[in-house]
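*Asks:* I am sharing work-v5.csv, which consists of CSV, C-alpha atoms:
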```csv
chain,number,residue,atom,x,y,z
I,246,MET,CA,4.3,16.4,4.1
I,247,PRO,CA,6.5,13.3,3.4
I,248,ARG,CA,6.2,12.3,-0.2
I,249,PRO,CA,7.5,9.2,-2.1
I,250,PRO,CA,10.1,9.8,-4.8
I,251,GLU,CA,9.0,10.9,-8.2
I,252,PRO,CA,8.2,8.2,-10.8
I,253,GLY,CA,11.0,7.4,-13.1
I,254,GLY,CA,9.2,6.1,-16.2
I,255,ALA,CA,8.4,2.6,-17.2
I,256,ALA,CA,8.7,-0.1,-14.5
I,257,THR,CA,11.6,-1.7,-16.3
I,258,LEU,CA,13.6,1.5,-16.2
I,259,HIS,CA,13.3,2.6,-12.6
I,260,ARG,CA,13.5,1.2,-9.1
I,261,VAL,CA,10.1,-0.2,-8.4
I,262,TYR,CA,8.5,1.1,-5.2
I,263,VAL,CA,7.5,-1.8,-2.9
I,264,LYS,CA,4.9,-1.7,-0.1
I,265,ILE,CA,4.5,-4.7,2.3
I,266,CYS,CA,1.0,-4.5,3.9
I,267,GLY,CA,-0.8,-6.2,6.8
I,268,LEU,CA,2.2,-6.4,9.2
I,269,ARG,CA,1.5,-7.3,12.8
I,270,GLU,CA,4.8,-8.4,14.3
I,271,PRO,CA,8.1,-6.5,15.0
I,272,GLY,CA,10.2,-9.3,13.4
I,273,HIS,CA,8.2,-9.0,10.1
I,274,VAL,CA,8.4,-5.2,10.1
I,275,ALA,CA,12.2,-5.5,10.6
I,276,ALA,CA,12.3,-8.1,7.7
I,277,ALA,CA,10.5,-5.7,5.4
I,278,VAL,CA,12.8,-2.8,6.3
I,279,GLU,CA,16.0,-5.0,5.9
I,280,ALA,CA,14.8,-6.3,2.6
I,281,GLY,CA,14.5,-2.8,1.3
I,282,ALA,CA,10.8,-2.1,1.3
I,283,ASP,CA,9.8,1.5,0.7
I,284,ALA,CA,6.5,1.3,2.7
I,285,VAL,CA,4.9,-0.9,5.4
I,286,GLY,CA,1.2,-1.0,6.1
I,287,PHE,CA,-0.7,-1.6,9.3
I,288,VAL,CA,-4.4,-2.6,8.9
I,289,LEU,CA,-6.7,-0.6,11.2
I,290,THR,CA,-9.9,-1.9,9.8
I,291,ARG,CA,-11.8,-5.2,10.2
I,292,SER,CA,-9.5,-7.9,9.0
I,293,SER,CA,-7.6,-11.0,10.2
I,294,ARG,CA,-4.6,-8.7,9.9
I,295,ARG,CA,-6.0,-5.9,12.0
I,296,VAL,CA,-3.9,-4.2,14.7
I,297,THR,CA,-5.0,-1.6,17.2
I,298,PRO,CA,-3.7,2.0,16.8
I,299,GLU,CA,-1.6,1.4,19.9
I,300,ARG,CA,0.0,-1.7,18.4
I,301,ALA,CA,0.5,0.2,15.1
I,302,ARG,CA,2.3,3.0,17.0
I,303,GLU,CA,4.7,0.4,18.6
I,304,LEU,CA,5.4,-1.1,15.2
I,305,ALA,CA,5.8,2.2,13.4
I,306,ALA,CA,8.2,3.5,16.0
I,307,ALA,CA,10.8,0.9,14.9
I,308,VAL,CA,10.6,2.0,11.2
I,309,PRO,CA,13.3,4.3,9.9
I,310,PRO,CA,12.3,7.7,8.4
I,311,HIS,CA,13.0,6.6,4.8
I,312,VAL,CA,10.3,3.9,5.0
I,313,LEU,CA,6.7,5.2,4.8
I,314,THR,CA,4.4,3.9,7.5
I,315,VAL,CA,0.8,3.5,6.4
I,316,ALA,CA,-2.5,3.0,8.3
I,317,VAL,CA,-5.0,1.1,6.2
I,318,PHE,CA,-8.7,1.8,6.5
I,319,ALA,CA,-11.8,0.6,4.6
I,320,GLY,CA,-15.2,2.1,5.3
I,321,GLU,CA,-14.4,4.1,8.5
I,322,SER,CA,-15.6,7.7,8.8
I,323,PRO,CA,-13.2,10.5,8.4
I,324,GLU,CA,-13.5,11.2,12.1
I,325,GLN,CA,-12.5,7.7,13.0
I,326,MET,CA,-9.7,7.5,10.5
I,327,ARG,CA,-8.3,10.9,11.8
I,328,GLU,CA,-8.4,9.7,15.4
I,329,ASP,CA,-6.8,6.3,14.7
I,330,ALA,CA,-4.2,7.7,12.3
I,331,LEU,CA,-3.0,10.3,14.9
I,332,ALA,CA,-3.0,7.6,17.6
I,333,SER,CA,-0.9,5.2,15.5
I,334,GLY,CA,1.8,7.8,14.7
I,335,VAL,CA,2.0,6.8,11.0
I,336,ARG,CA,3.0,9.0,8.1
I,337,ALA,CA,0.4,7.9,5.6
I,338,VAL,CA,-3.3,7.0,5.5
I,339,GLN,CA,-4.7,4.5,3.0
I,340,LEU,CA,-8.4,4.6,2.1
I,341,HIS,CA,-9.4,1.2,0.6
I,342,GLY,CA,-12.7,0.8,-1.3
I,343,ASP,CA,-15.5,3.2,-2.1
I,344,HIS,CA,-14.4,6.3,-0.1
I,345,PRO,CA,-15.7,9.5,-1.7
I,346,HIS,CA,-13.5,12.4,-2.6
I,347,GLU,CA,-14.8,14.3,0.5
I,348,ASP,CA,-13.1,11.7,2.8
I,349,PHE,CA,-9.7,12.5,1.3
I,350,THR,CA,-10.4,16.3,1.6
I,351,ALA,CA,-11.3,15.8,5.2
I,352,LEU,CA,-7.9,14.2,6.0
I,353,ARG,CA,-5.7,16.5,3.9
I,354,ASP,CA,-5.0,18.9,6.8
I,355,LEU,CA,-3.3,16.1,8.8
I,356,GLY,CA,-0.2,16.6,6.6
I,357,LEU,CA,0.1,12.9,5.9
I,358,THR,CA,0.6,11.1,2.6
I,359,LEU,CA,-2.8,10.0,1.3
I,360,VAL,CA,-3.2,6.7,-0.5
I,361,ARG,CA,-6.3,5.7,-2.5
I,362,ALA,CA,-6.8,2.0,-3.1
I,363,GLY,CA,-9.5,0.4,-5.2
I,364,ALA,CA,-10.5,-2.0,-8.0
I,365,ALA,CA,-9.1,-1.6,-11.5
I,366,GLY,CA,-12.5,-0.2,-12.7
I,367,VAL,CA,-12.2,3.0,-10.6
I,368,ASP,CA,-10.8,6.3,-11.7
I,369,LEU,CA,-7.2,5.4,-12.5
I,370,ARG,CA,-5.7,8.9,-12.4
I,371,CYS,CA,-3.4,9.2,-9.4
I,372,GLY,CA,-4.5,12.5,-7.7
I,373,ALA,CA,-8.1,12.4,-9.0
I,374,PHE,CA,-9.2,12.4,-5.3
I,375,ASP,CA,-6.3,14.6,-4.2
I,376,GLU,CA,-4.4,11.5,-3.1
I,377,ASP,CA,-0.6,11.2,-3.3
I,378,LEU,CA,-0.5,7.5,-4.2
I,379,LEU,CA,-2.9,5.2,-6.0
I,380,ILE,CA,-3.2,1.4,-5.6
I,381,VAL,CA,-4.9,-0.5,-8.4
I,382,ASP,CA,-6.2,-3.8,-7.0
I,383,ALA,CA,-8.0,-6.8,-8.4
I,384,PRO,CA,-11.6,-6.7,-9.5
I,385,ARG,CA,-12.4,-8.1,-6.0
I,386,PRO,CA,-10.1,-5.9,-3.9
I,387,GLY,CA,-8.4,-7.6,-1.0
I,388,SER,CA,-9.1,-11.1,-2.3
I,389,GLY,CA,-5.4,-11.8,-2.9
I,390,GLU,CA,-6.3,-13.5,-6.2
I,391,PRO,CA,-4.2,-13.1,-9.3
I,392,TRP,CA,-6.0,-11.3,-12.2
I,393,ASP,CA,-5.3,-9.9,-15.6
I,394,TRP,CA,-2.6,-7.4,-14.7
I,395,ALA,CA,-1.9,-6.5,-18.3
I,396,ALA,CA,-5.5,-5.2,-18.6
I,397,VAL,CA,-4.5,-2.0,-16.8
I,398,ARG,CA,-1.2,-1.4,-18.7
I,399,GLY,CA,-1.0,2.2,-19.9
I,400,ARG,CA,-4.3,3.2,-18.1
I,401,PRO,CA,-3.2,4.4,-14.6
I,402,SER,CA,-1.2,7.6,-14.4
I,403,GLY,CA,1.2,9.0,-11.8
I,404,ARG,CA,2.5,7.2,-8.8
I,405,TRP,CA,0.5,4.0,-8.9
I,406,MET,CA,1.0,0.6,-7.3
I,407,LEU,CA,-0.2,-2.8,-8.7
I,408,ALA,CA,-1.9,-5.1,-6.1
I,409,GLY,CA,-3.9,-8.3,-6.0
I,410,GLY,CA,-2.5,-11.8,-6.1
I,411,LEU,CA,1.1,-10.9,-6.2
I,412,ASP,CA,3.8,-13.2,-4.7
I,413,PRO,CA,7.5,-13.8,-5.0
I,414,ALA,CA,7.0,-16.1,-8.0
I,415,ASN,CA,4.8,-13.9,-10.1
I,416,VAL,CA,5.6,-10.3,-9.2
I,417,ALA,CA,8.3,-10.0,-12.0
I,418,GLY,CA,5.8,-11.1,-14.6
I,419,ALA,CA,3.1,-8.8,-13.2
I,420,ILE,CA,5.5,-5.8,-13.4
I,421,ALA,CA,6.3,-6.7,-17.0
I,422,ALA,CA,2.6,-7.0,-17.9
I,423,ALA,CA,1.3,-3.9,-16.2
I,424,ARG,CA,4.3,-1.6,-16.0
I,425,PRO,CA,3.4,-0.1,-12.6
I,426,TRP,CA,5.4,2.5,-10.6
I,427,GLY,CA,5.2,0.2,-7.6
I,428,VAL,CA,3.7,-3.0,-6.2
I,429,ASP,CA,1.8,-3.7,-3.0
I,430,VAL,CA,1.6,-7.2,-1.4
I,431,SER,CA,0.0,-8.7,1.7
I,432,SER,CA,-1.2,-12.3,1.5
I,433,GLY,CA,1.5,-13.2,-1.1
I,434,VAL,CA,4.2,-13.0,1.6
I,435,GLU,CA,2.3,-15.1,4.1
I,436,SER,CA,2.8,-18.7,5.3
I,437,ALA,CA,-0.8,-18.9,6.4
I,438,PRO,CA,-3.7,-16.4,6.3
I,439,GLY,CA,-2.6,-13.3,8.4
I,440,VAL,CA,0.8,-14.8,9.2
I,441,LYS,CA,3.7,-13.1,7.4
I,442,ASP,CA,6.9,-15.0,6.4
I,443,ALA,CA,10.2,-13.1,6.6
I,444,GLY,CA,11.7,-15.2,3.9
I,445,ARG,CA,8.9,-14.6,1.5
I,446,ILE,CA,9.1,-10.9,2.2
I,447,GLY,CA,12.7,-10.8,1.3
I,448,GLU,CA,12.1,-12.9,-1.8
I,449,PHE,CA,9.3,-10.6,-2.9
I,450,VAL,CA,11.3,-7.4,-2.6
I,451,ALA,CA,14.3,-9.0,-4.4
I,452,ALA,CA,12.0,-10.3,-7.3
I,453,ALA,CA,10.4,-6.9,-7.7
I,454,ARG,CA,13.7,-5.1,-7.8
I,455,GLY,CA,15.1,-7.6,-10.2
I,456,ALA,CA,12.2,-7.0,-12.5
I,457,ALA,CA,12.9,-3.3,-12.4
I,458,THR,CA,16.5,-3.7,-13.5
I,459,GLY,CA,16.3,-6.8,-15.8
```
What do you get writing this file as structure tokens?

*Replies:*
Amino acid sequence: MPRPPEPGGAATLHRVYVKICGLREPGHVAAAVEAGADAVGFVLTRSSRRVTPERARELAAAVPPHVLTVAVFAGESPEQMREDALASGVRAVQLHGDHPHEDFTALRDLGLTLVRAGAAGVDLRCGAFDEDLLIVDAPRPGSGEPWDWAAVRGRPSGRWMLAGGLDPANVAGAIAAARPWGVDVSSGVESAPGVKDAGRIGEFVAAARGAATG
């Protein structure tokens, strides 16, 4: 099963892992890869950023092996997620929201990287649901609103990404405040809701990496 690199300590002492989510167009996928993103996400649940499994497969096919391709779900049944993940050809599945432990167990045999994403109030131990990666989002997950990132500093463990309200201008400060292993962004690199901006994608990755080494 493909696995991300091991965490290297505090965010200021290692290369921050960067995931760009909600991609829909080949040009924006290419921009994320060229900027140095570690993972790209395709939304397969109800959203303005939704793509079909077939479209996700087309997009994922252009992504090099060192970049993790992620199918994002929220509320679908394990059966539906299994079907769509296999159809999309991704290497990871992200379960966003109140998915029970059993949903992760039901997908484990696929051999894909499992990602759990939820609000800061959930169990913040990466692996608590047998997932490989954890995303800690805002109190209103998916809102794209900035929040008190420092409130989670020192609480999550393992491979965990900070999300919620991040953009090129604030990601360095958010990393300094929360000390995450990685960061995840969607609306913060858009020029309009659901419309990614290649320039902002590049700026975000550069800012995140600058925070890791500064």

*Asks:* Expressed in Å to a single decimal, how great is the separation between CA of Ala307 in chain I and CA of Ala280 in chain I?

*Replies:*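 CA of Ala280 in chain I lies at a distance of 14.8 Å from CA of Ala307 in chain I.
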
*Asks:* Write out as an MDAnalysis selection string the residues lying within 9 Å of range 388-399 of chain I, counting all atoms listed in the file and excluding same-chain residues fewer than 4 positions away.

*Replies:* chainID I and resid 365 369 381 383:384 407:411 419:425 430:433

*Asks:* Between I:Ile446, I:Ala306, I:Leu359, I:Glu328, which residue has the minimum interatomic distance to Cys266 in chain I, considering all atoms listed in the file?

*Replies:* I:Ile446

*Asks:* Can you pull out every residue within 12 Å of Arg353 in chain I, counting all atoms listed in the file, but drop anything in the same chain fewer than 5 positions away, and send it as a ChimeraX atom specification?

*Replies:* /I:246,323,326-327,337-338,346-348,358-360,374-377

*Asks:* For each of I:Arg361, I:Arg260, I:Leu331, I:Arg454, take the minimum atom-to-atom distance to Pro345 in chain I, counting all atoms listed in the file, then give the residue where this is smallest.

*Replies:*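 Checking each candidate against Pro345 in chain I, we get I:Arg361 as the closest.
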
*Asks:* Please determine, counting all atoms listed in the file, which residue among I:Thr350, I:Thr297, I:Thr290, I:Asn415 has the shortest atom-to-atom distance to Val428 in chain I.

*Replies:*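 Using all atoms listed in the file, the shortest distance to Val428 in chain I belongs to I:Asn415.
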
*Asks:* Go ahead and compute the interatomic distance for CA of Gly447 in chain I and CA of Val288 in chain I, in Å to one decimal.

*Replies:*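 Separating CA of Gly447 in chain I from CA of Val288 in chain I is a distance of 20.4 Å.
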
*Asks:* For a test of reading the model, state the distance in Å between CA of Leu378 in chain I and CA of Gly267 in chain I, rounded to one decimal.

*Replies:*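 It comes out at 17.6 Å.
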
*Asks:* Extract, using all atoms listed in the file, all DNA, RNA and protein residues at most 9 Å from Val450 in chain I, discarding same-chain residues fewer than 3 positions from it, and format them as an mmCIF file with C-alpha atoms, in the coordinates of the input.

*Replies:*
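File selection_0.cif, as written:
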```cif
data_model
loop_
_atom_site.group_PDB
_atom_site.id
_atom_site.type_symbol
_atom_site.label_atom_id
_atom_site.label_comp_id
_atom_site.auth_asym_id
_atom_site.auth_seq_id
_atom_site.Cartn_x
_atom_site.Cartn_y
_atom_site.Cartn_z
ATOM 1 C CA VAL I 263 7.500 -1.800 -2.900
ATOM 2 C CA LYS I 264 4.900 -1.700 -0.100
ATOM 3 C CA ILE I 265 4.500 -4.700 2.300
ATOM 4 C CA ALA I 277 10.500 -5.700 5.400
ATOM 5 C CA ALA I 280 14.800 -6.300 2.600
ATOM 6 C CA GLY I 281 14.500 -2.800 1.300
ATOM 7 C CA ALA I 282 10.800 -2.100 1.300
ATOM 8 C CA PRO I 413 7.500 -13.800 -5.000
ATOM 9 C CA ARG I 445 8.900 -14.600 1.500
ATOM 10 C CA ILE I 446 9.100 -10.900 2.200
ATOM 11 C CA GLY I 447 12.700 -10.800 1.300
ATOM 12 C CA ALA I 453 10.400 -6.900 -7.700
ATOM 13 C CA ARG I 454 13.700 -5.100 -7.800
ATOM 14 C CA GLY I 455 15.100 -7.600 -10.200
#
```

*Asks:* Measuring atom to atom with all atoms listed in the file, identify which of I:Leu355, I:Val296, I:Ala437, I:Val308 is nearest to Val278 in chain I.

*Replies:*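 Distance minimum relative to Val278 in chain I lands on I:Val308.
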
*Asks:* Would you mind telling me which residue in I:Val440, I:Ala276, I:Val367, I:Ala456 lies nearest to His259 in chain I when using all atoms listed in the file?

*Replies:* I:Ala456

*Asks:* May I ask which of the residues I:Leu340, I:Ala373, I:Val261, I:Leu268 is the closest one to Gly427 in chain I, counting all atoms listed in the file?

*Replies:* I:Val261

*Asks:* Within 10 Å of Leu304 in chain I, counting only C-alpha atoms, which residues qualify if same-chain residues fewer than 2 places away don't, as a list in words?

*Replies:*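 Non-adjacent residues within range: Leu268, Arg269, Glu270, Pro271, Gly272, His273, Val274, Ala275, Val285, Phe287, Val296, Pro298, Glu299, Arg300, Ala301, Arg302, Ala306, Ala307, Val308, Thr314, Ser333, Gly334 and Val335 of chain I.
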
*Asks:* Quick one: residues within 8 Å of Arg370 in chain I, all atoms listed in the file, excluding same-chain residues fewer than 5 positions away - as number ranges by chain?

*Replies:* I: 379, 401-403

*Asks:* What would range 277-310 of chain I look like with N, CA and C atoms in place, written as a PDB file, keeping the file's coordinate frame?

*Replies:*
```pdb
ATOM      1  N   ALA I 277      10.893  -6.565   6.525  1.00  0.00           N
ATOM      2  CA  ALA I 277      10.500  -5.700   5.400  1.00  0.00           C
ATOM      3  C   ALA I 277      11.507  -4.571   5.215  1.00  0.00           C
ATOM      4  N   VAL I 278      11.871  -3.956   6.320  1.00  0.00           N
ATOM      5  CA  VAL I 278      12.800  -2.800   6.300  1.00  0.00           C
ATOM      6  C   VAL I 278      14.184  -3.327   5.767  1.00  0.00           C
ATOM      7  N   GLU I 279      14.651  -4.447   6.317  1.00  0.00           N
ATOM      8  CA  GLU I 279      16.000  -5.000   5.900  1.00  0.00           C
ATOM      9  C   GLU I 279      15.993  -5.415   4.481  1.00  0.00           C
ATOM     10  N   ALA I 280      14.851  -5.882   3.972  1.00  0.00           N
ATOM     11  CA  ALA I 280      14.800  -6.300   2.600  1.00  0.00           C
ATOM     12  C   ALA I 280      14.809  -5.146   1.607  1.00  0.00           C
ATOM     13  N   GLY I 281      14.497  -3.949   2.129  1.00  0.00           N
ATOM     14  CA  GLY I 281      14.500  -2.800   1.300  1.00  0.00           C
ATOM     15  C   GLY I 281      13.151  -2.249   0.876  1.00  0.00           C
ATOM     16  N   ALA I 282      12.092  -2.656   1.595  1.00  0.00           N
ATOM     17  CA  ALA I 282      10.800  -2.100   1.300  1.00  0.00           C
ATOM     18  C   ALA I 282      10.721  -0.630   1.467  1.00  0.00           C
ATOM     19  N   ASP I 283       9.928   0.027   0.635  1.00  0.00           N
ATOM     20  CA  ASP I 283       9.800   1.500   0.700  1.00  0.00           C
ATOM     21  C   ASP I 283       8.657   1.907   1.636  1.00  0.00           C
ATOM     22  N   ALA I 284       7.695   1.009   1.869  1.00  0.00           N
ATOM     23  CA  ALA I 284       6.500   1.300   2.700  1.00  0.00           C
ATOM     24  C   ALA I 284       6.063   0.071   3.412  1.00  0.00           C
ATOM     25  N   VAL I 285       5.534   0.242   4.610  1.00  0.00           N
ATOM     26  CA  VAL I 285       4.900  -0.900   5.400  1.00  0.00           C
ATOM     27  C   VAL I 285       3.562  -0.437   5.827  1.00  0.00           C
ATOM     28  N   GLY I 286       2.602  -1.369   5.739  1.00  0.00           N
ATOM     29  CA  GLY I 286       1.200  -1.000   6.100  1.00  0.00           C
ATOM     30  C   GLY I 286       0.707  -1.783   7.271  1.00  0.00           C
ATOM     31  N   PHE I 287      -0.082  -1.081   8.075  1.00  0.00           N
ATOM     32  CA  PHE I 287      -0.700  -1.600   9.300  1.00  0.00           C
ATOM     33  C   PHE I 287      -2.236  -1.507   9.086  1.00  0.00           C
ATOM     34  N   VAL I 288      -2.953  -2.610   9.171  1.00  0.00           N
ATOM     35  CA  VAL I 288      -4.400  -2.600   8.900  1.00  0.00           C
ATOM     36  C   VAL I 288      -5.140  -2.232  10.179  1.00  0.00           C
ATOM     37  N   LEU I 289      -5.889  -1.130  10.100  1.00  0.00           N
ATOM     38  CA  LEU I 289      -6.700  -0.600  11.200  1.00  0.00           C
ATOM     39  C   LEU I 289      -8.160  -0.758  10.982  1.00  0.00           C
ATOM     40  N   THR I 290      -8.515  -1.667  10.090  1.00  0.00           N
ATOM     41  CA  THR I 290      -9.900  -1.900   9.800  1.00  0.00           C
ATOM     42  C   THR I 290     -10.207  -3.391  10.030  1.00  0.00           C
ATOM     43  N   ARG I 291     -11.479  -3.790   9.907  1.00  0.00           N
ATOM     44  CA  ARG I 291     -11.800  -5.200  10.200  1.00  0.00           C
ATOM     45  C   ARG I 291     -11.135  -6.123   9.241  1.00  0.00           C
ATOM     46  N   SER I 292     -10.325  -7.018   9.794  1.00  0.00           N
ATOM     47  CA  SER I 292      -9.500  -7.900   9.000  1.00  0.00           C
ATOM     48  C   SER I 292      -8.818  -8.911   9.931  1.00  0.00           C
ATOM     49  N   SER I 293      -8.414 -10.050   9.378  1.00  0.00           N
ATOM     50  CA  SER I 293      -7.600 -11.000  10.200  1.00  0.00           C
ATOM     51  C   SER I 293      -6.232 -10.409  10.450  1.00  0.00           C
ATOM     52  N   ARG I 294      -5.872  -9.352   9.738  1.00  0.00           N
ATOM     53  CA  ARG I 294      -4.600  -8.700   9.900  1.00  0.00           C
ATOM     54  C   ARG I 294      -4.665  -7.427  10.745  1.00  0.00           C
ATOM     55  N   ARG I 295      -5.793  -7.183  11.328  1.00  0.00           N
ATOM     56  CA  ARG I 295      -6.000  -5.900  12.000  1.00  0.00           C
ATOM     57  C   ARG I 295      -5.113  -5.806  13.276  1.00  0.00           C
ATOM     58  N   VAL I 296      -4.622  -4.589  13.495  1.00  0.00           N
ATOM     59  CA  VAL I 296      -3.900  -4.200  14.700  1.00  0.00           C
ATOM     60  C   VAL I 296      -4.609  -3.006  15.311  1.00  0.00           C
ATOM     61  N   THR I 297      -4.428  -2.790  16.575  1.00  0.00           N
ATOM     62  CA  THR I 297      -5.000  -1.600  17.200  1.00  0.00           C
ATOM     63  C   THR I 297      -4.081  -0.398  16.881  1.00  0.00           C
ATOM     64  N   PRO I 298      -4.597   0.814  17.012  1.00  0.00           N
ATOM     65  CA  PRO I 298      -3.700   2.000  16.800  1.00  0.00           C
ATOM     66  C   PRO I 298      -2.521   1.972  17.733  1.00  0.00           C
ATOM     67  N   GLU I 299      -2.701   1.467  18.945  1.00  0.00           N
ATOM     68  CA  GLU I 299      -1.600   1.400  19.900  1.00  0.00           C
ATOM     69  C   GLU I 299      -0.512   0.448  19.420  1.00  0.00           C
ATOM     70  N   ARG I 300      -0.948  -0.695  18.897  1.00  0.00           N
ATOM     71  CA  ARG I 300       0.000  -1.700  18.400  1.00  0.00           C
ATOM     72  C   ARG I 300       0.705  -1.097  17.131  1.00  0.00           C
ATOM     73  N   ALA I 301      -0.064  -0.428  16.274  1.00  0.00           N
ATOM     74  CA  ALA I 301       0.500   0.200  15.100  1.00  0.00           C
ATOM     75  C   ALA I 301       1.591   1.208  15.476  1.00  0.00           C
ATOM     76  N   ARG I 302       1.337   1.965  16.527  1.00  0.00           N
ATOM     77  CA  ARG I 302       2.300   3.000  17.000  1.00  0.00           C
ATOM     78  C   ARG I 302       3.617   2.272  17.415  1.00  0.00           C
ATOM     79  N   GLU I 303       3.499   1.156  18.128  1.00  0.00           N
ATOM     80  CA  GLU I 303       4.700   0.400  18.600  1.00  0.00           C
ATOM     81  C   GLU I 303       5.479  -0.070  17.342  1.00  0.00           C
ATOM     82  N   LEU I 304       4.776  -0.606  16.367  1.00  0.00           N
ATOM     83  CA  LEU I 304       5.400  -1.100  15.200  1.00  0.00           C
ATOM     84  C   LEU I 304       6.066   0.011  14.350  1.00  0.00           C
ATOM     85  N   ALA I 305       5.327   1.106  14.204  1.00  0.00           N
ATOM     86  CA  ALA I 305       5.800   2.200  13.400  1.00  0.00           C
ATOM     87  C   ALA I 305       7.033   2.892  14.034  1.00  0.00           C
ATOM     88  N   ALA I 306       7.119   2.849  15.352  1.00  0.00           N
ATOM     89  CA  ALA I 306       8.200   3.500  16.000  1.00  0.00           C
ATOM     90  C   ALA I 306       9.575   2.871  15.688  1.00  0.00           C
ATOM     91  N   ALA I 307       9.545   1.612  15.228  1.00  0.00           N
ATOM     92  CA  ALA I 307      10.800   0.900  14.900  1.00  0.00           C
ATOM     93  C   ALA I 307      11.169   1.068  13.428  1.00  0.00           C
ATOM     94  N   VAL I 308      10.373   1.812  12.672  1.00  0.00           N
ATOM     95  CA  VAL I 308      10.600   2.000  11.200  1.00  0.00           C
ATOM     96  C   VAL I 308      11.420   3.223  10.973  1.00  0.00           C
ATOM     97  N   PRO I 309      12.501   3.126  10.219  1.00  0.00           N
ATOM     98  CA  PRO I 309      13.300   4.300   9.900  1.00  0.00           C
ATOM     99  C   PRO I 309      12.578   5.322   9.080  1.00  0.00           C
ATOM    100  N   PRO I 310      13.002   6.586   9.133  1.00  0.00           N
ATOM    101  CA  PRO I 310      12.300   7.700   8.400  1.00  0.00           C
ATOM    102  C   PRO I 310      12.152   7.485   6.933  1.00  0.00           C
TER     103      PRO I 310
END
```
